[in-house]
>>> print(open('run.tsv').read())   # TSV, C-alpha atoms
chain	number	residue	atom	x	y	z
N	1	MET	CA	-9.72	-8.35	-0.19
N	2	GLY	CA	-7.87	-5.44	-1.78
N	3	VAL	CA	-8.17	-1.72	-1.20
N	4	GLY	CA	-11.14	-1.29	-3.57
N	5	ALA	CA	-13.21	-4.00	-1.90
N	6	ALA	CA	-12.22	-2.77	1.56
N	7	TYR	CA	-13.37	0.74	0.66
N	8	GLU	CA	-16.70	-0.58	-0.63
N	9	ALA	CA	-17.16	-2.57	2.56
N	10	LYS	CA	-16.67	0.59	4.62
N	11	LEU	CA	-19.27	2.37	2.50
N	12	LYS	CA	-21.79	-0.44	2.92
N	13	SER	CA	-21.25	-0.61	6.68
N	14	GLY	CA	-21.79	3.14	7.03
N	15	ASP	CA	-18.32	3.73	8.46
N	16	ILE	CA	-17.71	6.32	5.74
N	17	ARG	CA	-19.87	8.33	3.38
N	18	PRO	CA	-19.60	8.35	-0.43
N	19	ASP	CA	-17.09	10.93	-1.60
N	20	PRO	CA	-16.06	11.25	-5.29
N	21	ALA	CA	-12.64	12.64	-4.37
N	22	GLN	CA	-11.90	9.69	-2.11
N	23	ALA	CA	-13.23	7.21	-4.67
N	24	HIS	CA	-10.79	8.65	-7.21
N	25	VAL	CA	-7.90	8.11	-4.81
N	26	VAL	CA	-9.00	4.50	-4.27
N	27	GLU	CA	-8.75	3.96	-8.04
N	28	HIS	CA	-5.13	5.16	-7.97
N	29	LEU	CA	-4.37	2.97	-4.95
N	30	ALA	CA	-5.96	-0.08	-6.61
N	31	ARG	CA	-3.77	0.42	-9.69
N	32	LEU	CA	-0.71	0.73	-7.46
N	33	GLU	CA	-1.77	-2.42	-5.61
N	34	ALA	CA	-1.96	-4.34	-8.88
N	35	ALA	CA	1.39	-2.98	-10.09
N	36	LEU	CA	3.12	-4.03	-6.87
N	37	ALA	CA	1.63	-7.52	-7.14
N	38	GLN	CA	2.85	-7.81	-10.73
N	39	VAL	CA	6.37	-6.72	-9.87
N	40	ALA	CA	6.49	-9.11	-6.91
N	41	GLY	CA	6.24	-11.95	-9.42
N	42	SER	CA	9.34	-10.72	-11.22
N	43	GLY	CA	11.63	-11.63	-8.34
N	44	THR	CA	13.75	-9.72	-5.90
N	45	PHE	CA	16.81	-9.67	-8.18
N	46	PHE	CA	14.86	-7.94	-10.94
N	47	ARG	CA	13.56	-5.33	-8.52
N	48	ARG	CA	16.98	-4.46	-7.15
N	49	LYS	CA	18.76	-4.63	-10.51
N	50	GLN	CA	16.30	-2.47	-12.41
N	51	GLY	CA	15.44	-0.02	-9.62
N	52	ALA	CA	11.85	0.93	-8.83
N	53	PRO	CA	9.52	-0.13	-11.65
N	54	VAL	CA	6.47	0.97	-9.67
N	55	GLU	CA	5.55	4.65	-9.43
N	56	GLY	CA	4.48	5.62	-5.93
N	57	LEU	CA	1.81	8.09	-4.87
N	58	TYR	CA	1.89	11.52	-3.21
N	59	LEU	CA	-1.53	12.41	-1.79
N	60	TRP	CA	-2.01	16.01	-0.77
N	61	GLY	CA	-4.98	18.10	0.26
N	62	GLY	CA	-6.67	19.98	3.07
N	63	VAL	CA	-7.06	18.78	6.61
N	64	GLY	CA	-9.61	16.06	7.29
N	65	CYS	CA	-10.18	15.08	3.65
N	66	GLY	CA	-9.37	11.42	4.28
N	67	LYS	CA	-5.78	11.15	2.99
N	68	SER	CA	-4.45	9.19	5.95
N	69	MET	CA	-7.53	6.98	6.17
N	70	LEU	CA	-7.18	5.95	2.52
N	71	MET	CA	-3.46	5.34	2.77
N	72	ASP	CA	-3.99	3.28	5.91
N	73	LEU	CA	-6.67	1.23	4.17
N	74	PHE	CA	-4.27	0.58	1.29
N	75	PHE	CA	-1.50	-0.38	3.70
N	76	ALA	CA	-3.72	-2.75	5.69
N	77	GLU	CA	-4.86	-4.55	2.53
N	78	SER	CA	-1.46	-4.71	0.83
N	79	LEU	CA	-0.08	-8.25	0.51
N	80	GLU	CA	3.48	-6.96	0.29
N	81	PRO	CA	5.30	-8.67	3.20
N	82	LYS	CA	8.08	-6.08	3.43
N	83	LYS	CA	5.98	-3.01	4.19
N	84	GLN	CA	6.24	-0.19	6.72
N	85	ARG	CA	3.91	2.59	7.75
N	86	ILE	CA	5.14	5.46	9.91
N	87	HIS	CA	4.53	9.12	10.63
N	88	PHE	CA	7.13	11.25	8.89
N	89	HIS	CA	8.22	12.90	12.17
N	90	ALA	CA	8.95	9.48	13.66
N	91	PHE	CA	10.74	8.33	10.50
N	92	MET	CA	13.15	11.25	10.52
N	93	GLN	CA	13.75	10.80	14.24
N	94	GLU	CA	14.75	7.18	13.73
N	95	VAL	CA	16.90	8.07	10.73
N	96	GLN	CA	18.74	10.69	12.77
N	97	GLY	CA	19.37	8.09	15.47
N	98	ALA	CA	20.61	5.53	12.94
N	99	LEU	CA	22.94	8.09	11.34
N	100	HIS	CA	24.36	8.89	14.76
N	101	GLU	CA	25.17	5.21	15.35
N	102	VAL	CA	26.81	4.81	11.93
N	103	ARG	CA	28.94	7.93	12.42
N	104	LYS	CA	30.33	6.43	15.62
N	105	THR	CA	31.93	3.71	13.46
N	106	GLY	CA	33.95	6.35	11.62
N	107	ALA	CA	32.08	5.98	8.34
N	108	LYS	CA	32.57	8.95	6.02
N	109	ASP	CA	29.12	8.55	4.46
N	110	ALA	CA	26.51	7.63	7.06
N	111	ILE	CA	23.47	8.06	4.80
N	112	ALA	CA	24.35	5.26	2.38
N	113	PRO	CA	24.35	2.38	4.90
N	114	VAL	CA	21.15	3.64	6.57
N	115	ALA	CA	19.38	3.89	3.20
N	116	ASP	CA	20.67	0.47	2.20
N	117	ARG	CA	19.22	-1.06	5.37
N	118	ILE	CA	15.85	0.43	4.49
N	119	VAL	CA	16.12	-1.02	0.97
N	120	ARG	CA	16.91	-4.49	2.33
N	121	GLN	CA	14.02	-4.45	4.77
N	122	THR	CA	11.29	-2.59	2.88
N	123	ARG	CA	9.61	-2.71	-0.52
N	124	LEU	CA	6.58	-0.54	0.33
N	125	PHE	CA	6.94	2.48	2.61
N	126	CYS	CA	3.88	4.54	3.61
N	127	PHE	CA	4.48	7.92	5.26
N	128	ASP	CA	1.84	10.01	6.98
N	129	GLU	CA	2.10	13.81	6.87
N	130	MET	CA	5.30	14.43	4.95
N	131	GLN	CA	6.60	17.85	5.84
N	132	ILE	CA	10.07	19.30	6.14
N	133	THR	CA	10.52	22.01	8.76
N	134	ASP	CA	14.05	21.35	9.97
N	135	ILE	CA	17.26	22.23	8.13
N	136	ALA	CA	18.95	19.01	9.31
N	137	ASP	CA	16.12	16.89	7.88
N	138	ALA	CA	16.17	18.88	4.64
N	139	MET	CA	19.86	18.13	4.15
N	140	ILE	CA	19.37	14.39	4.73
N	141	VAL	CA	16.09	13.52	3.08
N	142	GLY	CA	17.13	14.14	-0.54
N	143	ARG	CA	20.02	11.68	-0.66
N	144	LEU	CA	18.17	9.20	1.53
N	145	PHE	CA	15.11	9.00	-0.69
N	146	GLU	CA	17.11	9.01	-3.90
N	147	ARG	CA	18.94	5.87	-2.72
N	148	MET	CA	15.69	4.30	-1.55
N	149	PHE	CA	14.09	4.88	-4.94
N	150	ALA	CA	17.14	3.51	-6.73
N	151	GLY	CA	16.87	0.38	-4.58
N	152	GLY	CA	13.28	-0.31	-5.59
N	153	VAL	CA	11.35	1.02	-2.60
N	154	CYS	CA	7.83	2.14	-3.52
N	155	VAL	CA	6.65	5.16	-1.51
N	156	VAL	CA	3.13	6.32	-0.71
N	157	THR	CA	2.84	9.50	1.33
N	158	THR	CA	0.31	12.05	2.50
N	159	SER	CA	0.92	15.76	2.92
N	160	ASN	CA	-0.95	19.02	3.31
N	161	ARG	CA	1.32	20.63	0.75
N	162	LEU	CA	2.21	20.23	-2.89
N	163	PRO	CA	5.75	18.89	-3.34
N	164	ASP	CA	6.80	22.32	-4.66
N	165	ASP	CA	5.73	23.88	-1.34
N	166	LEU	CA	7.72	21.53	0.91
N	167	TYR	CA	10.23	23.36	3.12
N	168	LYS	CA	8.83	26.60	1.72
N	169	ASN	CA	10.92	29.64	2.73
N	170	GLY	CA	13.27	27.32	4.63
N	171	LEU	CA	16.91	28.07	5.29
N	172	ASN	CA	19.10	27.22	2.25
N	173	ARG	CA	16.03	25.88	0.44
N	174	ASN	CA	17.90	25.93	-2.86
N	175	LEU	CA	19.83	22.89	-1.63
N	176	PHE	CA	16.55	21.08	-1.02
N	177	VAL	CA	14.88	21.83	-4.37
N	178	PRO	CA	16.59	18.95	-6.28
N	179	PHE	CA	14.86	16.50	-3.91
N	180	ILE	CA	11.48	17.89	-4.99
N	181	ASP	CA	12.32	16.95	-8.57
N	182	VAL	CA	13.34	13.45	-7.47
N	183	LEU	CA	10.08	13.12	-5.54
N	184	LYS	CA	7.96	14.12	-8.52
N	185	ALA	CA	9.90	11.77	-10.79
N	186	HIS	CA	9.07	8.74	-8.63
N	187	LEU	CA	5.65	9.58	-7.19
N	188	LYS	CA	2.41	10.45	-8.93
N	189	VAL	CA	1.14	13.66	-7.33
N	190	HIS	CA	-2.61	13.63	-6.68
N	191	GLU	CA	-4.77	16.16	-4.89
N	192	VAL	CA	-7.51	14.81	-2.61
N	193	ALA	CA	-9.98	17.54	-3.47
N	194	SER	CA	-12.72	16.78	-0.97
N	195	GLU	CA	-14.46	19.86	0.41
N	196	THR	CA	-15.47	18.08	3.62
N	197	ASP	CA	-13.43	17.89	6.82
N	198	TYR	CA	-14.63	14.52	8.11
N	199	ARG	CA	-13.03	15.07	11.52
N	200	GLN	CA	-15.44	17.91	12.26
N	201	GLY	CA	-18.55	15.75	12.10
N	202	ARG	CA	-17.47	13.43	14.88
N	203	LEU	CA	-17.54	15.98	17.68
N	204	ASP	CA	-21.10	16.06	18.91
N	205	GLY	CA	-21.29	15.47	22.65
N	206	HIS	CA	-17.57	15.34	23.32
N	207	LYS	CA	-16.45	16.16	26.85
N	208	SER	CA	-12.69	16.38	26.50
N	209	TYR	CA	-12.06	19.91	25.20
N	210	PHE	CA	-12.77	22.63	27.76
N	211	THR	CA	-12.69	26.31	26.89
N	212	PRO	CA	-12.09	28.97	28.09
N	213	VAL	CA	-9.50	28.31	30.79
N	214	ASP	CA	-11.45	29.22	33.89
N	215	GLU	CA	-12.62	27.79	37.17
N	216	ALA	CA	-15.25	25.63	35.47
N	217	ALA	CA	-12.61	24.10	33.17
N	218	GLU	CA	-10.29	23.46	36.12
N	219	MET	CA	-13.08	21.69	38.02
N	220	ALA	CA	-13.96	19.59	34.98
N	221	ILE	CA	-10.32	18.58	34.47
N	222	SER	CA	-10.04	17.66	38.15
N	223	ARG	CA	-13.14	15.47	37.88
N	224	VAL	CA	-11.63	13.69	34.88
N	225	TRP	CA	-8.41	13.05	36.80
N	226	THR	CA	-10.36	11.69	39.77
N	227	GLU	CA	-12.43	9.39	37.58
N	228	LEU	CA	-9.39	8.06	35.73
N	229	VAL	CA	-6.84	7.85	38.53
N	230	GLY	CA	-8.55	8.41	41.87
N	231	ARG	CA	-5.36	9.33	43.72
N	232	PRO	CA	-2.56	11.93	43.67
N	233	GLY	CA	-0.07	11.48	40.87
N	234	GLU	CA	3.70	11.24	41.00
N	235	PRO	CA	6.38	12.73	38.72
N	236	LEU	CA	7.09	10.64	35.62
N	237	VAL	CA	10.68	10.81	34.44
N	238	LEU	CA	11.45	9.60	30.91
N	239	HIS	CA	15.02	9.28	29.68
N	240	HIS	CA	15.89	10.37	26.15
N	241	LYS	CA	19.39	10.68	24.71
N	242	GLY	CA	21.11	11.35	28.01
N	243	ARG	CA	18.60	13.75	29.49
N	244	ASP	CA	15.34	13.58	31.41
N	245	VAL	CA	11.87	14.53	30.22
N	246	VAL	CA	9.71	15.12	33.31
N	247	LEU	CA	5.92	15.13	33.60
N	248	SER	CA	4.96	16.56	36.97
N	249	GLU	CA	1.93	14.33	37.70
N	250	ALA	CA	1.24	10.83	36.38
N	251	TRP	CA	-0.10	7.47	37.42
N	252	GLY	CA	-0.97	4.25	35.61
N	253	GLY	CA	-0.43	5.52	32.08
N	254	VAL	CA	-2.31	8.78	32.71
N	255	ALA	CA	-0.47	12.11	33.00
N	256	ARG	CA	-1.61	15.61	33.86
N	257	THR	CA	0.55	18.51	32.74
N	258	THR	CA	0.47	22.02	31.31
N	259	PHE	CA	1.18	23.58	27.96
N	260	ARG	CA	4.08	25.49	29.49
N	261	GLU	CA	5.66	22.29	30.83
N	262	LEU	CA	5.54	20.51	27.46
N	263	CYS	CA	5.76	23.30	24.90
N	264	GLY	CA	7.41	26.13	26.82
N	265	GLN	CA	10.77	24.39	26.94
N	266	PRO	CA	13.00	23.14	24.10
N	267	LEU	CA	11.64	19.62	23.61
N	268	GLY	CA	11.79	17.93	20.23
N	269	PRO	CA	10.04	15.20	18.20
N	270	GLY	CA	11.90	12.41	20.00
N	271	ASP	CA	10.76	13.69	23.38
N	272	TYR	CA	7.14	13.90	22.30
N	273	LEU	CA	7.23	10.44	20.69
N	274	LEU	CA	8.58	9.05	23.96
N	275	ILE	CA	5.77	10.73	25.91
N	276	ALA	CA	3.14	9.34	23.52
N	277	GLU	CA	4.60	5.85	23.75
N	278	ASN	CA	4.39	5.84	27.55
N	279	LEU	CA	0.87	7.24	28.05
N	280	ARG	CA	-2.66	6.05	27.44
N	281	VAL	CA	-4.16	9.41	28.40
N	282	LEU	CA	-2.65	12.90	28.47
N	283	ILE	CA	-4.49	15.73	30.25
N	284	LEU	CA	-3.03	18.94	28.88
N	285	GLN	CA	-4.06	22.15	30.62
N	286	ASP	CA	-3.85	25.87	29.95
N	287	ILE	CA	-3.22	25.95	26.20
N	288	PRO	CA	-3.01	29.68	25.44
N	289	ARG	CA	-4.03	31.64	22.39
N	290	MET	CA	-0.70	32.06	20.60
N	291	SER	CA	0.55	34.98	18.54
N	292	SER	CA	3.37	35.07	16.01
N	293	SER	CA	5.78	35.85	18.86
N	294	ALA	CA	5.08	32.34	20.20
N	295	ARG	CA	6.13	30.60	16.98
N	296	ASN	CA	8.49	28.19	18.75
N	297	GLU	CA	5.82	27.15	21.25
N	298	ALA	CA	3.29	26.70	18.46
N	299	LYS	CA	5.72	24.57	16.47
N	300	ARG	CA	6.37	22.33	19.48
N	301	PHE	CA	2.63	22.03	20.05
N	302	VAL	CA	2.16	20.89	16.43
N	303	THR	CA	4.83	18.24	16.90
N	304	LEU	CA	3.31	17.11	20.21
N	305	ILE	CA	-0.16	16.68	18.72
N	306	ASP	CA	1.29	14.75	15.77
N	307	ALA	CA	3.01	12.33	18.15
N	308	LEU	CA	-0.11	11.85	20.28
N	309	TYR	CA	-2.28	11.44	17.19
N	310	GLU	CA	-0.01	8.79	15.71
N	311	ALA	CA	0.07	6.83	18.98
N	312	ARG	CA	-3.72	7.13	19.42
N	313	THR	CA	-3.15	8.65	22.85
N	314	ILE	CA	-6.36	9.94	24.41
N	315	LEU	CA	-6.16	13.72	24.87
N	316	ILE	CA	-8.13	15.89	27.30
N	317	VAL	CA	-7.42	19.61	27.26
N	318	SER	CA	-8.33	23.01	28.61
N	319	ALA	CA	-7.61	25.84	26.19
N	320	ALA	CA	-8.10	29.58	25.88
N	321	ALA	CA	-10.05	29.22	22.61
N	322	GLU	CA	-11.44	26.74	20.10
N	323	PRO	CA	-8.74	24.83	18.17
N	324	GLU	CA	-8.99	26.96	15.03
N	325	SER	CA	-8.37	30.15	17.05
N	326	LEU	CA	-5.34	29.03	19.04
N	327	TYR	CA	-2.79	30.15	16.43
N	328	PRO	CA	-4.69	32.03	13.73
N	329	GLU	CA	-1.79	33.88	12.10
N	330	GLY	CA	1.96	34.01	11.93
N	331	LYS	CA	4.63	31.74	10.45
N	332	GLY	CA	3.39	28.16	10.54
N	333	ALA	CA	-0.30	29.06	10.70
N	334	PHE	CA	-0.93	26.93	7.58
N	335	GLU	CA	0.47	23.83	9.28
N	336	PHE	CA	-1.53	24.65	12.40
N	337	GLU	CA	-4.79	24.14	10.49
N	338	ARG	CA	-4.01	20.41	10.44
N	339	THR	CA	-3.27	20.49	14.16
N	340	ALA	CA	-6.60	22.18	14.87
N	341	SER	CA	-8.39	19.54	12.84
N	342	ARG	CA	-6.57	16.76	14.64
N	343	LEU	CA	-7.48	18.31	17.99
N	344	ARG	CA	-11.10	18.21	16.89
N	345	GLU	CA	-10.84	14.55	15.96
N	346	MET	CA	-9.03	13.62	19.17
N	347	CYS	CA	-11.83	15.14	21.21
N	348	ASN	CA	-14.26	12.59	19.80
N	349	PRO	CA	-15.49	10.17	22.54
N	350	ASP	CA	-14.51	7.18	20.37
N	351	TRP	CA	-10.94	8.41	19.93
N	352	GLY	CA	-8.41	5.86	21.08
N	353	ALA	CA	-10.79	2.93	20.64
N	354	ASP	CA	-10.79	3.23	16.85
N	355	VAL	CA	-7.30	1.82	16.33
N	356	GLN	CA	-6.84	0.49	12.80
N	357	GLY	CA	-4.15	-2.03	13.67
N	358	ILE	CA	-1.84	-0.76	10.94
N	359	ARG	CA	0.57	1.44	12.88
N	360	ARG	CA	3.84	-0.08	14.01
N	361	ALA	CA	4.10	-1.48	17.55
N	362	ARG	CA	5.11	1.04	20.18
N	363	GLY	CA	8.82	1.03	20.78
N	364	GLN	CA	9.52	-1.10	17.70
N	365	SER	CA	11.89	0.53	15.22
N	366	PHE	CA	11.26	0.23	11.50
N	367	LEU	CA	15.02	-0.24	11.16
N	368	SER	CA	16.47	-3.54	12.34
N	369	PRO	CA	19.97	-3.48	13.82
N	370	LEU	CA	22.99	-3.25	11.53
>>> encode(input="run.tsv", output="structure tokens")
Amino acid sequence: MGVGAAYEAKLKSGDIRPDPAQAHVVEHLARLEAALAQVAGSGTFFRRKQGAPVEGLYLWGGVGCGKSMLMDLFFAESLEPKKQRIHFHAFMQEVQGALHEVRKTGAKDAIAPVADRIVRQTRLFCFDEMQITDIADAMIVGRLFERMFAGGVCVVTTSNRLPDDLYKNGLNRNLFVPFIDVLKAHLKVHEVASETDYRQGRLDGHKSYFTPVDEAAEMAISRVWTELVGRPGEPLVLHHKGRDVVLSEAWGGVARTTFRELCGQPLGPGDYLLIAENLRVLILQDIPRMSSSARNEAKRFVTLIDALYEARTILIVSAAAEPESLYPEGKGAFEFERTASRLREMCNPDWGADVQGIRRARGQSFLSPL
């Protein structure tokens, strides 16, 4: 029916409320939808020969303003057969894995063949939550995207930051700055200026976020485990790149673990994606209030929540404070605002049932084999 009609249908059904900022984004997405349809009629050869004739879209704004919802609506309604939608963390993880495989062949330039595979397989790529926090990703993403754009891939992405603020204060950021110019040359930058955090309004009556961490919270968590599992759990061992990721207590797609076990050791995005892919419910206990000295733990926690959010894993937690007070200051506190908002949304009783059907299948790579 198209993104505009789909948005109107959601308004009429009461699924969403009227919001001028969101309506403005839908106008941009509808124009992009029409442009992609027009180019599709020009033929594949024209697209690849001439590069990308369609300008993509970079949606940025505060947490909970509806960026991801609108992009997902656009993706679901797009008639483009060669389309992909993925969280940016997961994308970079798969790219790193693909680069590793290409390097084993002795290729001097591993980025070119990986980018070319993306170009062959994808005409529309939607990314959720673009952010660059890792020096390795920063060094790769510029050349990768430049080749994707040259091959005719149209990109739509969401972010909490302006392009100029990506990888802000990062190591050797001067090497990353040219990519920002490439991004702005191929994507229209639009702020989603809604003043409402729509995740906040869905919390009434939730029973999955327990604070503070005390005896009452422990008893509540134990009751949840009993209701869901009804028996003692067993260790769950997941294998990732030659090492084991261990959850101390799990059964039937439900796991019970602690913040220290998941975020107090050097796990990365791939580990957290693997956890999310293998669980229906994660019970995460004893999340502390973190100071700037716990920056590494806070960063891992952000990555964990992103992975669980993307997989629609149901999350039940006990924490020392409300989400907004878990990491109030220090490096990365800006990014943590999104995590706090996502925690709020994930504590909604309907979380996990409201799957849009647009995310890629678990365990299915967006990159086909070489």
>>> residues_around(input="run.tsv", residues="segment 17-30 of chain N", least_positions_apart="5", cutoff="8 Å", atoms="all atoms listed in the file", output="ChimeraX atom specification")
/N:2-4,7,11,66,70,74,190,192-194
>>> atom_distance(input="run.tsv", atom1="atom CA of Met219 of chain N", atom2="atom CA of Gln265 of chain N")
26.4 Å
>>> closest_residue(input="run.tsv", among="N:Glu249, N:Asp72, N:Glu335, N:Glu329", to="Ile283 of chain N", atoms="all atoms listed in the file")
N:Glu249
>>> atom_distance(input="run.tsv", atom1="atom CA of Asn169 of chain N", atom2="atom CA of Asp134 of chain N")
11.4 Å
>>> closest_residue(input="run.tsv", among="N:Tyr209, N:Glu218, N:Leu59, N:Ser292", to="Cys347 of chain N", atoms="only C-alpha atoms")
N:Tyr209
>>> atom_distance(input="run.tsv", atom1="atom CA of Thr133 of chain N", atom2="atom CA of Ala110 of chain N")
21.6 Å
>>> closest_residue(input="run.tsv", among="N:Gly233, N:Pro212, N:Pro288, N:Gly56", to="Ser248 of chain N", atoms="all atoms listed in the file")
N:Gly233
>>> closest_residue(input="run.tsv", among="N:Asp165, N:Glu322, N:Glu297, N:Glu129", to="Phe210 of chain N", atoms="only C-alpha atoms")
N:Glu322
>>> residues_around(input="run.tsv", residues="Arg173 of chain N", least_positions_apart="6", cutoff="10 Å", atoms="all atoms listed in the file", output="VMD selection string")
chain N and resid 135 138 to 139 166 to 167
>>> residues_around(input="run.tsv", residues="Leu236 of chain N", least_positions_apart="2", cutoff="12 Å", atoms="only C-alpha atoms", output="list in words")
Gly233, Glu234, Leu238, His239, Asp244, Val245, Val246, Leu247, Ser248, Glu249, Ala250, Trp251, Gly252, Gly253, Val254, Ala255, Arg256, Thr257, Leu274, Ile275, Asn278 and Leu279 of chain N
>>> write_last_selection(input="run.tsv", atoms="C-alpha atoms", output="PDB file, in the coordinates of the input")
ATOM      1  CA  GLY N 233      -0.070  11.480  40.870  1.00  0.00           C
ATOM      2  CA  GLU N 234       3.700  11.240  41.000  1.00  0.00           C
ATOM      3  CA  LEU N 238      11.450   9.600  30.910  1.00  0.00           C
ATOM      4  CA  HIS N 239      15.020   9.280  29.680  1.00  0.00           C
ATOM      5  CA  ASP N 244      15.340  13.580  31.410  1.00  0.00           C
ATOM      6  CA  VAL N 245      11.870  14.530  30.220  1.00  0.00           C
ATOM      7  CA  VAL N 246       9.710  15.120  33.310  1.00  0.00           C
ATOM      8  CA  LEU N 247       5.920  15.130  33.600  1.00  0.00           C
ATOM      9  CA  SER N 248       4.960  16.560  36.970  1.00  0.00           C
ATOM     10  CA  GLU N 249       1.930  14.330  37.700  1.00  0.00           C
ATOM     11  CA  ALA N 250       1.240  10.830  36.380  1.00  0.00           C
ATOM     12  CA  TRP N 251      -0.100   7.470  37.420  1.00  0.00           C
ATOM     13  CA  GLY N 252      -0.970   4.250  35.610  1.00  0.00           C
ATOM     14  CA  GLY N 253      -0.430   5.520  32.080  1.00  0.00           C
ATOM     15  CA  VAL N 254      -2.310   8.780  32.710  1.00  0.00           C
ATOM     16  CA  ALA N 255      -0.470  12.110  33.000  1.00  0.00           C
ATOM     17  CA  ARG N 256      -1.610  15.610  33.860  1.00  0.00           C
ATOM     18  CA  THR N 257       0.550  18.510  32.740  1.00  0.00           C
ATOM     19  CA  LEU N 274       8.580   9.050  23.960  1.00  0.00           C
ATOM     20  CA  ILE N 275       5.770  10.730  25.910  1.00  0.00           C
ATOM     21  CA  ASN N 278       4.390   5.840  27.550  1.00  0.00           C
ATOM     22  CA  LEU N 279       0.870   7.240  28.050  1.00  0.00           C
TER      23      LEU N 279
END
>>> decode(input="run.tsv", residues="segment 105-128 of chain N", atoms="C-alpha atoms", output="mmCIF file, in the first residue's frame")
data_model
loop_
_atom_site.group_PDB
_atom_site.id
_atom_site.type_symbol
_atom_site.label_atom_id
_atom_site.label_comp_id
_atom_site.auth_asym_id
_atom_site.auth_seq_id
_atom_site.Cartn_x
_atom_site.Cartn_y
_atom_site.Cartn_z
ATOM 1 C CA THR N 105 42.488 -16.171 0.522
ATOM 2 C CA GLY N 106 45.502 -13.868 0.430
ATOM 3 C CA ALA N 107 43.647 -10.940 -1.108
ATOM 4 C CA LYS N 108 45.472 -7.636 -0.678
ATOM 5 C CA ASP N 109 42.236 -5.629 -0.562
ATOM 6 C CA ALA N 110 39.538 -7.438 1.405
ATOM 7 C CA ILE N 111 37.057 -4.549 1.491
ATOM 8 C CA ALA N 112 36.444 -4.402 -2.264
ATOM 9 C CA PRO N 113 35.087 -7.955 -2.697
ATOM 10 C CA VAL N 114 32.917 -7.676 0.426
ATOM 11 C CA ALA N 115 31.446 -4.374 -0.773
ATOM 12 C CA ASP N 116 30.908 -5.802 -4.247
ATOM 13 C CA ARG N 117 28.941 -8.725 -2.788
ATOM 14 C CA ILE N 118 26.695 -6.256 -1.000
ATOM 15 C CA VAL N 119 26.189 -4.340 -4.256
ATOM 16 C CA ARG N 120 25.231 -7.522 -6.125
ATOM 17 C CA GLN N 121 22.749 -8.596 -3.474
ATOM 18 C CA THR N 122 21.222 -5.314 -2.301
ATOM 19 C CA ARG N 123 19.654 -2.214 -3.807
ATOM 20 C CA LEU N 124 18.058 -0.845 -0.623
ATOM 21 C CA PHE N 125 19.849 -1.106 2.713
ATOM 22 C CA CYS N 126 18.179 0.091 5.935
ATOM 23 C CA PHE N 127 20.358 0.448 9.039
ATOM 24 C CA ASP N 128 19.066 0.974 12.557
#
